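Here is the structure we will look at, set down as structure tokens.
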Amino acid sequence: MRELAGQFQAFLEGRHMNGLTKTDLKILQTTLAGGVVPKVEPFFDMVRKELDSQLLSGLRDYEFKVREKERWEKPSGHTIWDWCYFMPEPKLYLGWGLTGDAEDFFGASLRDSSDLLAFVYIGAMSEMAVPSERLPDGYKQSLRASQWKFLDGGALTKTQHAAELATKPEGFTQAFIKWTAESLREADEILQRGYATLGRTVLKRRSTSKLLRGRARQAQ
């Protein structure tokens with residue numbers, strides 16, 4: 001009977017149906033003792049505002065529509081992230097955040113999965129794929145050389161160890177914002193070039209307004 005109960009418990013754990021485990025409680029104890037939880041949402045709000053103010057040129061229109069609680073919901077509870085939609089084709093989007101278990105990263109597996117990683121991600125909703133396969137081979141090789149990884153469905157991501165960002169003189173928060181902004185500029189170029197291969201172009205480019213608009217709207 002004990003063996004059967006153990007098997008059933010393992011089944012539930014594998015499907016996240018058993019509530020909190022002993023391991024979860026240990027992690028929760030450390031997390032709560034460190035007072036980290038109340039810092040997460042203000043941190044992501046700060047990052048969003050800084051990205052909105054820094055990316056003043058070189059990008060097309062993007063729009064935020066995420067509600068704060070959704071930052072925790074996907075993928076599989078191992079990632080805290082934010083994102084904005086590519087308005088010429090809102091099924092495409094750019095995301096950024098932190099992942100603590102990259103073995104399950106938007107359905108893919110990344111190396112160094114035991115470490116906390118900062119990431120930028122180019123993704124698409126399930127009914128559409130990121131048009132990265134249409135990019136020239138030479139360009140794709142240059143992306144791989146600059147640490148971009150190609151995932152299933154044409155998605156791409158670039159990662160950086162959070163611990164390395166934390167060693168920067170300006171501290172983790174500002175280093176994260178700087179790295180994310182630089183990677184988002186690269187992501188915009190990738191997305192624009194891929195989108196152009198579909199025979200579509202962005203008709204309007206705003207050079208004097210904020211091109212990553214920070215208007216947080218509740219999802220319909």
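In the structure tokens, the first chain shown is A, the next is B, and so on; residue numbers restart at 1 for each chain, and ligands run from 1 in the order shown.
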May I have the residues within 10 Å of Arg134 (chain A) as a PyMOL selection string, using only C-alpha atoms and disregarding those fewer than 3 positions away in the same chain?
chain A and resi 130-131+137+140+154+193-198
For this session: Please identify which residues in region 53-188 of chain A DSSP calls helix (DSSP H, G or I) from the backbone, and express them as a ChimeraX atom specification.
Result: /A:53-54,68-72,102-104,131-134,137-145,152-154,162-166,172-188
Quick one: everything within 12 Å of region 142-151 of chain A, counting only C-alpha atoms, minus sequence neighbours fewer than 2 positions away in the same chain. Send it as a ChimeraX atom specification.
/A:105-111,119-124,129-133,135-140,153-160,183-184,186-187,189-190
Keeping only N, CA and C atoms, write the selected residues to a file as a short mmCIF file (atom, residue, chain, number, x, y, z; two decimals), in the first residue's frame.
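Produced file result-v4.cif, reproduced below:
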```cif
data_model
loop_
_atom_site.label_atom_id
_atom_site.label_comp_id
_atom_site.auth_asym_id
_atom_site.auth_seq_id
_atom_site.Cartn_x
_atom_site.Cartn_y
_atom_site.Cartn_z
N PHE A 105 11.35 25.82 -20.85
CA PHE A 105 11.34 27.22 -21.24
C PHE A 105 10.51 27.35 -22.51
N PHE A 106 9.26 27.75 -22.38
CA PHE A 106 8.34 27.84 -23.51
C PHE A 106 8.34 26.54 -24.32
N GLY A 107 8.37 25.43 -23.61
CA GLY A 107 8.34 24.13 -24.26
C GLY A 107 9.69 23.65 -24.75
N ALA A 108 10.74 24.43 -24.53
CA ALA A 108 12.08 24.06 -24.98
C ALA A 108 12.98 23.83 -23.78
N SER A 109 14.18 23.34 -24.03
CA SER A 109 15.16 23.11 -22.98
C SER A 109 16.41 23.90 -23.30
N LEU A 110 16.89 24.65 -22.32
CA LEU A 110 18.10 25.44 -22.50
C LEU A 110 19.23 24.86 -21.66
N ARG A 111 20.45 25.16 -22.04
CA ARG A 111 21.59 24.75 -21.24
C ARG A 111 21.67 25.58 -19.97
N PHE A 119 16.55 36.66 -19.77
CA PHE A 119 16.31 36.27 -21.17
C PHE A 119 15.52 37.34 -21.90
N VAL A 120 15.71 37.33 -23.23
CA VAL A 120 14.83 38.02 -24.17
C VAL A 120 14.33 36.96 -25.14
N TYR A 121 13.06 37.05 -25.51
CA TYR A 121 12.42 35.96 -26.26
C TYR A 121 11.59 36.55 -27.39
N ILE A 122 11.69 35.95 -28.57
CA ILE A 122 10.85 36.31 -29.71
C ILE A 122 9.90 35.15 -29.94
N GLY A 123 8.61 35.40 -29.76
CA GLY A 123 7.65 34.30 -29.83
C GLY A 123 6.42 34.65 -30.64
N ALA A 124 5.55 33.67 -30.78
CA ALA A 124 4.31 33.84 -31.53
C ALA A 124 3.23 33.01 -30.86
N ALA A 129 3.78 31.05 -36.47
CA ALA A 129 5.19 30.80 -36.15
C ALA A 129 6.00 32.06 -36.43
N VAL A 130 7.04 32.26 -35.65
CA VAL A 130 7.97 33.36 -35.93
C VAL A 130 8.66 33.05 -37.26
N PRO A 131 8.65 33.99 -38.22
CA PRO A 131 9.20 33.70 -39.56
C PRO A 131 10.72 33.72 -39.61
N SER A 132 11.38 33.07 -38.66
CA SER A 132 12.84 33.10 -38.61
C SER A 132 13.47 32.14 -39.61
N GLU A 133 12.73 31.10 -40.00
CA GLU A 133 13.30 30.14 -40.95
C GLU A 133 13.55 30.76 -42.32
N LEU A 135 14.88 33.65 -42.78
CA LEU A 135 16.03 34.55 -42.74
C LEU A 135 17.21 33.95 -43.51
N PRO A 136 18.07 34.78 -44.11
CA PRO A 136 19.24 34.27 -44.83
C PRO A 136 20.13 33.44 -43.91
N ASP A 137 20.74 32.40 -44.45
CA ASP A 137 21.57 31.51 -43.65
C ASP A 137 22.73 32.24 -42.99
N GLY A 138 23.35 33.16 -43.72
CA GLY A 138 24.46 33.90 -43.15
C GLY A 138 24.04 34.74 -41.95
N TYR A 139 22.84 35.32 -42.05
CA TYR A 139 22.34 36.12 -40.93
C TYR A 139 22.04 35.23 -39.73
N LYS A 140 21.49 34.06 -39.98
CA LYS A 140 21.20 33.14 -38.88
C LYS A 140 22.48 32.68 -38.20
N GLY A 153 9.26 26.09 -33.55
CA GLY A 153 8.26 27.04 -34.01
C GLY A 153 8.84 28.35 -34.48
N GLY A 154 10.16 28.38 -34.73
CA GLY A 154 10.80 29.60 -35.20
C GLY A 154 11.14 30.59 -34.10
N ALA A 155 10.78 30.29 -32.85
CA ALA A 155 11.06 31.20 -31.74
C ALA A 155 12.57 31.31 -31.52
N LEU A 156 12.98 32.42 -30.95
CA LEU A 156 14.39 32.64 -30.63
C LEU A 156 14.50 33.20 -29.22
N THR A 157 15.64 32.95 -28.59
CA THR A 157 15.89 33.53 -27.28
C THR A 157 17.37 33.82 -27.11
N LYS A 158 17.65 34.78 -26.27
CA LYS A 158 19.02 35.10 -25.88
C LYS A 158 19.03 35.17 -24.36
N THR A 159 20.03 34.55 -23.73
CA THR A 159 20.07 34.48 -22.27
C THR A 159 21.39 35.01 -21.73
N GLN A 160 21.34 35.34 -20.46
CA GLN A 160 22.52 35.79 -19.73
C GLN A 160 22.38 35.35 -18.28
N SER A 183 19.41 43.72 -26.07
CA SER A 183 18.92 42.49 -26.69
C SER A 183 17.59 42.70 -27.40
N LEU A 184 16.75 43.61 -26.86
CA LEU A 184 15.47 43.91 -27.52
C LEU A 184 15.69 44.64 -28.83
N GLU A 186 18.20 44.08 -30.81
CA GLU A 186 18.55 42.99 -31.71
C GLU A 186 17.30 42.19 -32.08
N ALA A 187 16.44 41.95 -31.09
CA ALA A 187 15.22 41.18 -31.33
C ALA A 187 14.31 41.89 -32.32
N GLU A 189 15.23 43.89 -34.75
CA GLU A 189 15.79 43.71 -36.09
C GLU A 189 15.47 42.33 -36.64
N ILE A 190 15.61 41.31 -35.79
CA ILE A 190 15.30 39.94 -36.22
C ILE A 190 13.84 39.83 -36.65
#
```
*One decimal, Å: what's the distance from CA of Thr99 (chain A) over to CA of Ala181 (chain A), could you say?*
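Distance between the two atoms: 17.5 Å.
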Counting only C-alpha atoms, closest pick from A:Asp152, A:Asp52, A:Asp61, A:Glu182 relative to Glu89 (chain A) is A:Asp61
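Each of A:Trp96, A:Phe64, A:Phe86, A:Phe43 was compared to Gln192 (chain A) using only C-alpha atoms, and A:Phe86 turns out to be the nearest.
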